[in-house]
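Student: Supplied structure: protein_27.txt, compact mmCIF, C-alpha atoms.
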```
# COMPACT_ATOMS: atom_id res chain seq x y z
CA MET A 1 -6.59 1.15 1.79
CA ILE A 2 -6.58 -2.10 3.64
CA SER A 3 -9.00 -2.46 6.54
CA LYS A 4 -8.12 -3.47 10.09
CA LYS A 5 -10.20 -6.63 9.64
CA GLU A 6 -8.12 -7.68 6.64
CA ILE A 7 -4.93 -7.04 8.60
CA LYS A 8 -6.27 -9.11 11.51
CA ASP A 9 -7.15 -11.93 9.11
CA LEU A 10 -3.63 -11.88 7.65
CA ALA A 11 -2.11 -12.09 11.12
CA LYS A 12 -4.54 -14.86 12.06
CA LYS A 13 -3.29 -16.93 9.11
CA HIS A 14 0.05 -17.04 10.94
CA SER A 15 -1.60 -17.75 14.31
CA LYS A 16 -0.69 -14.31 15.70
CA LYS A 17 -2.48 -11.25 17.05
CA LEU A 18 -1.48 -7.63 16.54
CA SER A 19 -1.32 -4.89 19.15
CA LYS A 20 -2.77 -1.42 18.59
CA GLU A 21 0.74 -0.05 18.14
CA SER A 22 1.35 -2.65 15.42
CA PHE A 23 -1.70 -1.41 13.52
CA ASN A 24 -0.33 2.14 13.64
CA VAL A 25 3.07 1.02 12.37
CA LEU A 26 1.50 -1.01 9.57
CA GLU A 27 -0.79 1.84 8.51
CA GLU A 28 2.20 4.20 8.38
CA LYS A 29 4.26 1.76 6.32
CA VAL A 30 1.37 1.12 3.91
CA ALA A 31 0.74 4.85 3.47
CA THR A 32 4.45 5.46 2.81
CA TYR A 33 4.63 2.59 0.31
CA ILE A 34 1.53 3.77 -1.54
CA SER A 35 2.83 7.33 -1.63
CA GLU A 36 6.14 6.20 -3.17
CA LEU A 37 4.33 3.94 -5.64
CA ILE A 38 2.05 6.76 -6.79
CA LYS A 39 5.02 9.11 -7.08
CA SER A 40 6.93 6.75 -9.37
CA SER A 41 3.87 5.78 -11.43
CA SER A 42 2.93 9.45 -11.79
CA ARG A 43 6.33 10.09 -13.31
CA LYS A 44 5.84 7.24 -15.78
CA ALA A 45 2.44 8.65 -16.77
CA ASP A 46 4.03 12.09 -17.26
CA PHE A 47 6.64 10.62 -19.61
CA SER A 48 3.81 9.04 -21.60
CA GLY A 49 2.04 12.40 -21.80
CA ARG A 50 -0.95 11.34 -19.71
CA ILE A 51 -2.65 12.84 -16.69
CA LEU A 52 -4.31 9.54 -15.77
CA ILE A 53 -2.22 6.87 -14.03
CA LYS A 54 -2.84 3.50 -15.68
CA PRO A 55 -2.11 0.03 -14.27
CA GLU A 56 0.93 -0.42 -16.50
CA ASP A 57 2.52 2.58 -14.75
CA PHE A 58 2.74 0.58 -11.51
CA ILE A 59 5.07 -2.04 -12.97
CA ILE A 60 8.42 -1.66 -11.27
```
Show the structure stored in the file as structure tokens.

Tutor:
Amino acid sequence: MISKKEIKDLAKKHSKKLSKESFNVLEEKVATYISELIKSSSRKADFSGRILIKPEDFII
């Protein structure tokens, strides 16, 4: 996962600061995105007959 420091650095690039609530929203969105990405890549790995998810399975 991405750390809070990395998120702060990304916001700082745009001369902004994030509130605590913003961190919670971002963490939720990242977790949801990763979950959906793993779900779709898992399906691609299943079609290939593999248990292991490989990087080429993440290509959308």

Student: What's the separation between CA of Ile38 in chain A and CA of Arg50 in chain A, in Å to one decimal place?

Tutor: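 It comes out at 14.0 Å.
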
Student: Set the distance at 9 Å and use all atoms listed in the file: which residues neighbour range 20-33 of chain A once local chain neighbours fewer than 5 positions away are removed? I'd like the list as a list in words.

Tutor: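 These residues fall inside the cut-off: Met1, Ile2, Lys4, Ile7 and Ile38 of chain A.
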
Student: Pull C-alpha atoms from the residues just selected and write them as a tab-separated table (two decimals), in the coordinates of the input.

Tutor:
```
chain	number	residue	atom	x	y	z
A	1	MET	CA	-6.59	1.15	1.79
A	2	ILE	CA	-6.58	-2.10	3.64
A	4	LYS	CA	-8.12	-3.47	10.09
A	7	ILE	CA	-4.93	-7.04	8.60
A	38	ILE	CA	2.05	6.76	-6.79
```

Student: My list of candidates is A:Lys8, A:Ser19, A:Ser41, A:Ser35. Which is closest to Asp57 in chain A when distances are computed with only C-alpha atoms?

Tutor: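 For Asp57 in chain A, the nearest of the candidates is A:Ser41.
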
Student: Just how far from CA of Ser40 in chain A is CA of Phe58 in chain A, in Å to one decimal?

Tutor: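 Atom-to-atom, CA of Phe58 in chain A to CA of Ser40 in chain A, that is 7.8 Å.
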
Student: What is the CA of Lys17 in chain A-CA of Leu37 in chain A distance in Å, reported with one decimal?

Tutor: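 Taking CA of Lys17 in chain A and CA of Leu37 in chain A, their separation equals 28.1 Å.
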
Student: As a PDB file, keeping the file's coordinate frame, could you write out range 16-51 of chain A once it has been completed with N, CA and C atoms?

Tutor:
```
ATOM      1  N   LYS A  16      -1.175 -15.419  14.883  1.00  0.00           N
ATOM      2  CA  LYS A  16      -0.690 -14.310  15.700  1.00  0.00           C
ATOM      3  C   LYS A  16      -1.775 -13.260  15.846  1.00  0.00           C
ATOM      4  N   LYS A  17      -1.610 -12.394  16.852  1.00  0.00           N
ATOM      5  CA  LYS A  17      -2.480 -11.250  17.050  1.00  0.00           C
ATOM      6  C   LYS A  17      -1.612 -10.003  17.008  1.00  0.00           C
ATOM      7  N   LEU A  18      -2.216  -8.883  16.628  1.00  0.00           N
ATOM      8  CA  LEU A  18      -1.480  -7.630  16.540  1.00  0.00           C
ATOM      9  C   LEU A  18      -1.927  -6.660  17.627  1.00  0.00           C
ATOM     10  N   SER A  19      -0.984  -5.918  18.162  1.00  0.00           N
ATOM     11  CA  SER A  19      -1.320  -4.890  19.150  1.00  0.00           C
ATOM     12  C   SER A  19      -1.772  -3.628  18.432  1.00  0.00           C
ATOM     13  N   LYS A  20      -2.323  -2.684  19.180  1.00  0.00           N
ATOM     14  CA  LYS A  20      -2.770  -1.420  18.590  1.00  0.00           C
ATOM     15  C   LYS A  20      -1.597  -0.659  17.991  1.00  0.00           C
ATOM     16  N   GLU A  21      -0.445  -0.723  18.650  1.00  0.00           N
ATOM     17  CA  GLU A  21       0.740  -0.050  18.140  1.00  0.00           C
ATOM     18  C   GLU A  21       1.180  -0.660  16.805  1.00  0.00           C
ATOM     19  N   SER A  22       0.997  -1.970  16.673  1.00  0.00           N
ATOM     20  CA  SER A  22       1.350  -2.650  15.420  1.00  0.00           C
ATOM     21  C   SER A  22       0.483  -2.163  14.272  1.00  0.00           C
ATOM     22  N   PHE A  23      -0.804  -1.942  14.545  1.00  0.00           N
ATOM     23  CA  PHE A  23      -1.700  -1.410  13.520  1.00  0.00           C
ATOM     24  C   PHE A  23      -1.208  -0.044  13.043  1.00  0.00           C
ATOM     25  N   ASN A  24      -0.811   0.799  13.996  1.00  0.00           N
ATOM     26  CA  ASN A  24      -0.330   2.140  13.640  1.00  0.00           C
ATOM     27  C   ASN A  24       0.917   2.070  12.780  1.00  0.00           C
ATOM     28  N   VAL A  25       1.839   1.182  13.145  1.00  0.00           N
ATOM     29  CA  VAL A  25       3.070   1.020  12.370  1.00  0.00           C
ATOM     30  C   VAL A  25       2.755   0.524  10.970  1.00  0.00           C
ATOM     31  N   LEU A  26       1.866  -0.466  10.872  1.00  0.00           N
ATOM     32  CA  LEU A  26       1.500  -1.010   9.570  1.00  0.00           C
ATOM     33  C   LEU A  26       0.807   0.031   8.699  1.00  0.00           C
ATOM     34  N   GLU A  27      -0.097   0.805   9.280  1.00  0.00           N
ATOM     35  CA  GLU A  27      -0.790   1.840   8.510  1.00  0.00           C
ATOM     36  C   GLU A  27       0.200   2.879   7.995  1.00  0.00           C
ATOM     37  N   GLU A  28       1.182   3.238   8.807  1.00  0.00           N
ATOM     38  CA  GLU A  28       2.200   4.200   8.380  1.00  0.00           C
ATOM     39  C   GLU A  28       3.037   3.651   7.243  1.00  0.00           C
ATOM     40  N   LYS A  29       3.445   2.386   7.364  1.00  0.00           N
ATOM     41  CA  LYS A  29       4.260   1.760   6.320  1.00  0.00           C
ATOM     42  C   LYS A  29       3.479   1.625   5.013  1.00  0.00           C
ATOM     43  N   VAL A  30       2.205   1.256   5.105  1.00  0.00           N
ATOM     44  CA  VAL A  30       1.370   1.120   3.910  1.00  0.00           C
ATOM     45  C   VAL A  30       1.195   2.477   3.241  1.00  0.00           C
ATOM     46  N   ALA A  31       0.924   3.510   4.028  1.00  0.00           N
ATOM     47  CA  ALA A  31       0.740   4.850   3.470  1.00  0.00           C
ATOM     48  C   ALA A  31       2.019   5.331   2.795  1.00  0.00           C
ATOM     49  N   THR A  32       3.174   5.062   3.401  1.00  0.00           N
ATOM     50  CA  THR A  32       4.450   5.460   2.810  1.00  0.00           C
ATOM     51  C   THR A  32       4.704   4.706   1.506  1.00  0.00           C
ATOM     52  N   TYR A  33       4.427   3.402   1.511  1.00  0.00           N
ATOM     53  CA  TYR A  33       4.630   2.590   0.310  1.00  0.00           C
ATOM     54  C   TYR A  33       3.734   3.056  -0.825  1.00  0.00           C
ATOM     55  N   ILE A  34       2.461   3.321  -0.515  1.00  0.00           N
ATOM     56  CA  ILE A  34       1.530   3.770  -1.540  1.00  0.00           C
ATOM     57  C   ILE A  34       1.933   5.131  -2.085  1.00  0.00           C
ATOM     58  N   SER A  35       2.387   6.001  -1.210  1.00  0.00           N
ATOM     59  CA  SER A  35       2.830   7.330  -1.630  1.00  0.00           C
ATOM     60  C   SER A  35       4.004   7.227  -2.608  1.00  0.00           C
ATOM     61  N   GLU A  36       4.984   6.391  -2.286  1.00  0.00           N
ATOM     62  CA  GLU A  36       6.140   6.200  -3.170  1.00  0.00           C
ATOM     63  C   GLU A  36       5.725   5.563  -4.492  1.00  0.00           C
ATOM     64  N   LEU A  37       4.808   4.619  -4.431  1.00  0.00           N
ATOM     65  CA  LEU A  37       4.330   3.940  -5.640  1.00  0.00           C
ATOM     66  C   LEU A  37       3.602   4.917  -6.557  1.00  0.00           C
ATOM     67  N   ILE A  38       2.764   5.768  -5.990  1.00  0.00           N
ATOM     68  CA  ILE A  38       2.050   6.760  -6.790  1.00  0.00           C
ATOM     69  C   ILE A  38       3.024   7.777  -7.368  1.00  0.00           C
ATOM     70  N   LYS A  39       4.029   8.151  -6.606  1.00  0.00           N
ATOM     71  CA  LYS A  39       5.020   9.110  -7.080  1.00  0.00           C
ATOM     72  C   LYS A  39       5.762   8.575  -8.309  1.00  0.00           C
ATOM     73  N   SER A  40       6.192   7.313  -8.242  1.00  0.00           N
ATOM     74  CA  SER A  40       6.930   6.750  -9.370  1.00  0.00           C
ATOM     75  C   SER A  40       6.010   6.493 -10.572  1.00  0.00           C
ATOM     76  N   SER A  41       4.784   6.038 -10.322  1.00  0.00           N
ATOM     77  CA  SER A  41       3.870   5.780 -11.430  1.00  0.00           C
ATOM     78  C   SER A  41       3.384   7.083 -12.056  1.00  0.00           C
ATOM     79  N   SER A  42       3.294   8.139 -11.264  1.00  0.00           N
ATOM     80  CA  SER A  42       2.930   9.450 -11.790  1.00  0.00           C
ATOM     81  C   SER A  42       3.988   9.945 -12.767  1.00  0.00           C
ATOM     82  N   ARG A  43       5.214   9.697 -12.429  1.00  0.00           N
ATOM     83  CA  ARG A  43       6.330  10.090 -13.310  1.00  0.00           C
ATOM     84  C   ARG A  43       6.270   9.337 -14.635  1.00  0.00           C
ATOM     85  N   LYS A  44       5.953   8.032 -14.561  1.00  0.00           N
ATOM     86  CA  LYS A  44       5.840   7.240 -15.780  1.00  0.00           C
ATOM     87  C   LYS A  44       4.691   7.736 -16.652  1.00  0.00           C
ATOM     88  N   ALA A  45       3.577   8.115 -16.015  1.00  0.00           N
ATOM     89  CA  ALA A  45       2.440   8.650 -16.770  1.00  0.00           C
ATOM     90  C   ALA A  45       2.813   9.981 -17.408  1.00  0.00           C
ATOM     91  N   ASP A  46       3.581  10.811 -16.702  1.00  0.00           N
ATOM     92  CA  ASP A  46       4.030  12.090 -17.260  1.00  0.00           C
ATOM     93  C   ASP A  46       4.889  11.881 -18.499  1.00  0.00           C
ATOM     94  N   PHE A  47       5.780  10.891 -18.447  1.00  0.00           N
ATOM     95  CA  PHE A  47       6.640  10.620 -19.610  1.00  0.00           C
ATOM     96  C   PHE A  47       5.817  10.136 -20.800  1.00  0.00           C
ATOM     97  N   SER A  48       4.676   9.501 -20.524  1.00  0.00           N
ATOM     98  CA  SER A  48       3.810   9.040 -21.600  1.00  0.00           C
ATOM     99  C   SER A  48       2.855  10.131 -22.068  1.00  0.00           C
ATOM    100  N   GLY A  49       2.886  11.282 -21.405  1.00  0.00           N
ATOM    101  CA  GLY A  49       2.040  12.400 -21.800  1.00  0.00           C
ATOM    102  C   GLY A  49       0.600  12.270 -21.330  1.00  0.00           C
ATOM    103  N   ARG A  50       0.391  11.536 -20.234  1.00  0.00           N
ATOM    104  CA  ARG A  50      -0.950  11.340 -19.710  1.00  0.00           C
ATOM    105  C   ARG A  50      -1.101  11.974 -18.341  1.00  0.00           C
ATOM    106  N   ILE A  51      -2.335  12.356 -18.024  1.00  0.00           N
ATOM    107  CA  ILE A  51      -2.650  12.840 -16.690  1.00  0.00           C
ATOM    108  C   ILE A  51      -3.106  11.665 -15.824  1.00  0.00           C
TER     109      ILE A  51
END
```
